[in-house]
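What follows is one structure encoded as structure tokens, with my remarks underneath.
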Amino acid sequence: MDGRIIREVRGSGGFGYDVLFVADKHADEGLTSAQLDPAEKDRISHRGRALRELAPHVARDLAGR
């Protein structure tokens, strides 16, 4: 996820550096990842994007196709 590290801790959600990271997609609001709704964070995060790409392949394999 592209963004920047800030110097002041903001928010209480998430983990790790979330309280110090502002994603480019939320730069105008200045919200850290820890301040985002979990669904929004998942929508823009690299982990969320990777899982959405991987899910159809896993489902196909589990279905035995």
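Naming scheme: A, B, ... for chains in displayed order of the structure tokens; residues 1 onward per chain; ligands 1 onward as shown.
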Hey, what's within 12 Å of range 28-32 of chain A if we count only C-alpha atoms and toss same-chain stuff fewer than 2 positions away? As a ChimeraX atom specification, please? /A:3-26,34-38,40-41
Store the residues picked out above, limited to N, CA and C atoms, as a short mmCIF file (atom, residue, chain, number, x, y, z; two decimals), in the first residue's frame.
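Writing the result to out25.cif gives the following:
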data_model
loop_
_atom_site.label_atom_id
_atom_site.label_comp_id
_atom_site.auth_asym_id
_atom_site.auth_seq_id
_atom_site.Cartn_x
_atom_site.Cartn_y
_atom_site.Cartn_z
N GLY A 3 1.92 5.02 0.66
CA GLY A 3 1.55 6.00 1.66
C GLY A 3 2.78 6.58 2.32
N ARG A 4 2.57 7.13 3.50
CA ARG A 4 3.69 7.75 4.21
C ARG A 4 3.59 7.48 5.71
N ILE A 5 4.75 7.52 6.34
CA ILE A 5 4.83 7.36 7.79
C ILE A 5 4.76 8.75 8.41
N ILE A 6 3.98 8.88 9.48
CA ILE A 6 3.88 10.15 10.18
C ILE A 6 4.58 10.04 11.53
N ARG A 7 4.76 11.14 12.20
CA ARG A 7 5.52 11.14 13.46
C ARG A 7 4.65 10.97 14.71
N GLU A 8 3.34 11.27 14.59
CA GLU A 8 2.48 11.17 15.78
C GLU A 8 1.55 9.97 15.66
N VAL A 9 1.38 9.27 16.75
CA VAL A 9 0.49 8.10 16.80
C VAL A 9 -0.96 8.58 16.74
N ARG A 10 -1.74 7.96 15.84
CA ARG A 10 -3.17 8.30 15.73
C ARG A 10 -3.97 7.03 15.48
N GLY A 11 -5.01 6.85 16.28
CA GLY A 11 -5.90 5.71 16.12
C GLY A 11 -5.54 4.57 17.05
N SER A 12 -6.46 3.61 17.12
CA SER A 12 -6.24 2.47 18.02
C SER A 12 -6.54 1.13 17.34
N GLY A 13 -7.00 1.17 16.10
CA GLY A 13 -7.29 -0.07 15.39
C GLY A 13 -6.06 -0.63 14.71
N GLY A 14 -6.21 -1.81 14.15
CA GLY A 14 -5.11 -2.40 13.39
C GLY A 14 -4.02 -2.96 14.26
N PHE A 15 -2.81 -2.98 13.69
CA PHE A 15 -1.67 -3.52 14.42
C PHE A 15 -0.40 -2.93 13.84
N GLY A 16 0.70 -3.17 14.49
CA GLY A 16 2.00 -2.74 13.99
C GLY A 16 2.08 -1.26 13.71
N TYR A 17 2.44 -0.92 12.48
CA TYR A 17 2.65 0.47 12.11
C TYR A 17 1.36 1.19 11.71
N ASP A 18 0.20 0.57 11.81
CA ASP A 18 -1.06 1.18 11.39
C ASP A 18 -1.28 2.55 12.01
N VAL A 19 -0.85 2.74 13.25
CA VAL A 19 -1.06 4.02 13.94
C VAL A 19 -0.16 5.13 13.41
N LEU A 20 0.80 4.77 12.58
CA LEU A 20 1.75 5.74 12.02
C LEU A 20 1.72 5.83 10.50
N PHE A 21 0.81 5.11 9.85
CA PHE A 21 0.81 5.03 8.39
C PHE A 21 -0.44 5.65 7.80
N VAL A 22 -0.26 6.62 6.88
CA VAL A 22 -1.36 7.23 6.15
C VAL A 22 -1.25 6.77 4.70
N ALA A 23 -2.25 6.03 4.26
CA ALA A 23 -2.27 5.54 2.88
C ALA A 23 -2.53 6.70 1.93
N ASP A 24 -1.92 6.65 0.76
CA ASP A 24 -2.12 7.70 -0.24
C ASP A 24 -3.60 7.92 -0.53
N LYS A 25 -4.40 6.84 -0.53
CA LYS A 25 -5.83 6.96 -0.83
C LYS A 25 -6.57 7.75 0.24
N HIS A 26 -5.96 7.95 1.41
CA HIS A 26 -6.59 8.71 2.49
C HIS A 26 -5.73 9.89 2.93
N ALA A 34 -4.91 2.85 11.23
CA ALA A 34 -5.56 2.51 12.50
C ALA A 34 -6.88 3.25 12.69
N GLN A 35 -7.09 4.32 11.95
CA GLN A 35 -8.33 5.09 12.05
C GLN A 35 -9.38 4.67 11.01
N LEU A 36 -8.99 3.84 10.08
CA LEU A 36 -9.91 3.42 9.04
C LEU A 36 -10.84 2.32 9.54
N ASP A 37 -12.03 2.30 8.96
CA ASP A 37 -12.95 1.19 9.18
C ASP A 37 -12.26 -0.07 8.66
N PRO A 38 -12.36 -1.20 9.37
CA PRO A 38 -11.69 -2.42 8.92
C PRO A 38 -12.01 -2.80 7.47
N GLU A 40 -12.74 -0.77 4.98
CA GLU A 40 -12.02 0.14 4.09
C GLU A 40 -10.55 -0.21 4.04
N LYS A 41 -9.97 -0.51 5.19
CA LYS A 41 -8.56 -0.90 5.23
C LYS A 41 -8.34 -2.16 4.38
#
For this session: May I have all residues of chain A that DSSP, computed from the backbone, assigns to strand (DSSP E), given as a PyMOL selection string?
Result: chain A and resi 3-5+21-23
Could you write out, as a VMD selection string, all the residues of range 4-46 of chain A that DSSP marks as helix (DSSP H, G or I)?
-> chain A and resid 16 to 20 24 to 26 33 to 35 38 to 44 46
Computed gap from CA of Asp2 in chain A to CA of Ala55 in chain A is 23.0 Å
